Amino acid sequence: ESPGALQQRAPCNMADIVLDALHDCLDRALAKHIDIGYHGMQPEERDVWVNGNATLLGELVRNLLDNAINYTPSSASTPGIINVHLLSDPFGHVLMLQVENSGAGIAEEDREKVFQPFYRVLGSEVDGSGLGLPIVQEIARQHGASITLQDAYPKQAQPGVLVNVRLPTTTAPTHPAGAATAHHV
């Protein structure tokens with residue numbers, strides 16, 4: 001909401017932020033019988049740092065995970081799948097955060113519309129305000145990141161959604177104790 005929200009920028013460890021958000025959402029995913037997994041960078045690796053606001057970046061990840069959990073049909077006999085990837089492109093100086101799910105997907109004609117506040121895809125029976133993805137897009141914009149949507153499993157009955165967030169990286173802080181990191185348990 002506030003244009004000054006990023007005044008407090010610092011190096012942020014995206015692996016810590018992603019792992020904390022996953023930890024926070026794990027009980028909800030398991031209660032829905034969703035098979036949720038993480039593949040990618042670890043907090044101690046060199047190329048996991050972005051310059052930004054750790055609180056906002058955590059909100060971005062949590063909103064993506066909440067959407068994935070909400071829109072992934074799942075049962076004990078047919079568990080849904082959510083995969084989270086954090087990948088580094090050291091040559092492009094970007095981190096790629098990917099959240100994919102095995103849900104119904106988002107039709108190509110709705111992919112830009114879901115970033116509009118209060119827009120809800122017709123036929124979805126999920127509770128929500130339609131603000132999650134607009135918030136994600138604004139946080140991404142404030143961090144110089146780009147976000148795209150595509151099918152996670154093209155040509156399948158349930159194509160799912162693959163959300164790609166490309167975040168510019170920064171160098172690790174010289175004094176990690178002063179860096180803005182989330183601390184996972």
# chains A, B, ... in the order shown; residues from 1 in each chain; ligands from 1
$ select_by_dssp --residues "chain A" --states "helix (DSSP H, G or I)" --output "ChimeraX atom specification"
/A:14-31,54-70,108-110,113-115,132-142,176-178
$ select_by_dssp --residues "segment 35-150 of chain A" --states "strand (DSSP E or B)" --output "number ranges by chain"
A: 35-40, 49-52, 81-89, 94-101, 146-150
$ closest_atom_pairs --of "segment 60-141 of chain A" --to "segment 25-46 of chain A" --cutoff "6 Å" --atoms "only C-alpha atoms" --output "tab-separated table"
residue	atom	partner	partner_atom	distance
A:Ser74	CA	A:His33	CA	6.0
A:Ser75	CA	A:His33	CA	5.5
A:Ala76	CA	A:His33	CA	5.5
A:Pro79	CA	A:Ile34	CA	5.2
A:Gly80	CA	A:Ile34	CA	4.7
A:Ile81	CA	A:Asp35	CA	4.8
A:Ile82	CA	A:Ile36	CA	4.7
A:Asn83	CA	A:Gly37	CA	4.9
A:Val84	CA	A:Tyr38	CA	4.8
A:His85	CA	A:His39	CA	4.9
A:Leu86	CA	A:Gly40	CA	4.7
A:Leu87	CA	A:Gly40	CA	5.6
$ residues_around --residues "Val165 of chain A" --least-positions-apart "6" --cutoff "8 Å" --atoms "only C-alpha atoms" --output "VMD selection string"
chain A and resid 96 to 98 140 145 to 148
$ write_last_selection --atoms "C-alpha atoms" --output "PDB file, in the first residue's frame"
ATOM      1  CA  MET A  96      13.880 -18.095  -9.574  1.00  0.00           C
ATOM      2  CA  LEU A  97      11.157 -18.884  -7.044  1.00  0.00           C
ATOM      3  CA  GLN A  98       8.685 -21.384  -8.479  1.00  0.00           C
ATOM      4  CA  ALA A 140       7.480  -8.361  -6.758  1.00  0.00           C
ATOM      5  CA  ALA A 145      11.136  -8.850  -9.775  1.00  0.00           C
ATOM      6  CA  SER A 146       8.972 -10.258 -12.551  1.00  0.00           C
ATOM      7  CA  ILE A 147       6.174 -12.786 -12.168  1.00  0.00           C
ATOM      8  CA  THR A 148       4.624 -15.094 -14.756  1.00  0.00           C
TER       9      THR A 148
END
$ closest_residue --among "A:Ala152, A:Leu60, A:Ala104, A:Val48" --to "Ala21 of chain A" --atoms "only C-alpha atoms"
A:Leu60
$ closest_residue --among "A:Leu131, A:Ser102, A:Lys155, A:Glu138" --to "Val114 of chain A" --atoms "only C-alpha atoms"
A:Leu131
$ closest_residue --among "A:Cys12, A:Asp24, A:Leu167, A:Ser88" --to "Arg141 of chain A" --atoms "only C-alpha atoms"
A:Leu167
$ atom_distance --atom1 "atom CA of Ser77 of chain A" --atom2 "atom CA of Leu162 of chain A"
23.7 Å
$ closest_residue --among "A:Asn51, A:Gln8, A:Gln116, A:Asn101" --to "Thr169 of chain A" --atoms "only C-alpha atoms"
A:Asn51
$ closest_residue --among "A:Leu149, A:Pro173, A:Pro73, A:Pro90" --to "Phe115 of chain A" --atoms "only C-alpha atoms"
A:Leu149
$ residues_around --residues "Val61 of chain A" --least-positions-apart "5" --cutoff "8 Å" --atoms "only C-alpha atoms" --output "CSV table (one decimal) with all heavy atoms, in the first residue's frame"
chain,number,residue,atom,x,y,z
A,17,ILE,N,13.7,-17.4,4.0
A,17,ILE,CA,12.3,-16.8,3.9
A,17,ILE,C,11.4,-17.9,3.3
A,17,ILE,O,10.3,-18.1,3.8
A,17,ILE,CB,12.3,-15.6,3.0
A,17,ILE,CG1,13.0,-14.4,3.8
A,17,ILE,CG2,10.9,-15.2,2.6
A,17,ILE,CD1,13.3,-13.2,2.9
A,18,VAL,N,11.8,-18.6,2.3
A,18,VAL,CA,10.9,-19.6,1.7
A,18,VAL,C,10.7,-20.8,2.6
A,18,VAL,O,9.6,-21.3,2.8
A,18,VAL,CB,11.6,-20.1,0.3
A,18,VAL,CG1,10.8,-21.4,-0.2
A,18,VAL,CG2,11.5,-19.0,-0.7
A,21,ALA,N,8.3,-19.8,5.4
A,21,ALA,CA,6.9,-19.8,4.8
A,21,ALA,C,6.4,-21.2,4.7
A,21,ALA,O,5.2,-21.5,5.0
A,21,ALA,CB,6.8,-19.0,3.5
A,136,VAL,N,1.0,-10.1,-4.3
A,136,VAL,CA,2.3,-10.7,-4.8
A,136,VAL,C,2.9,-9.9,-5.9
A,136,VAL,O,4.1,-9.6,-5.9
A,136,VAL,CB,2.0,-12.2,-5.3
A,136,VAL,CG1,3.2,-12.7,-6.1
A,136,VAL,CG2,1.7,-13.1,-4.1
$ closest_residue --among "A:Gly92, A:Val161, A:Ile135, A:Thr171" --to "Gly58 of chain A" --atoms "only C-alpha atoms"
A:Ile135
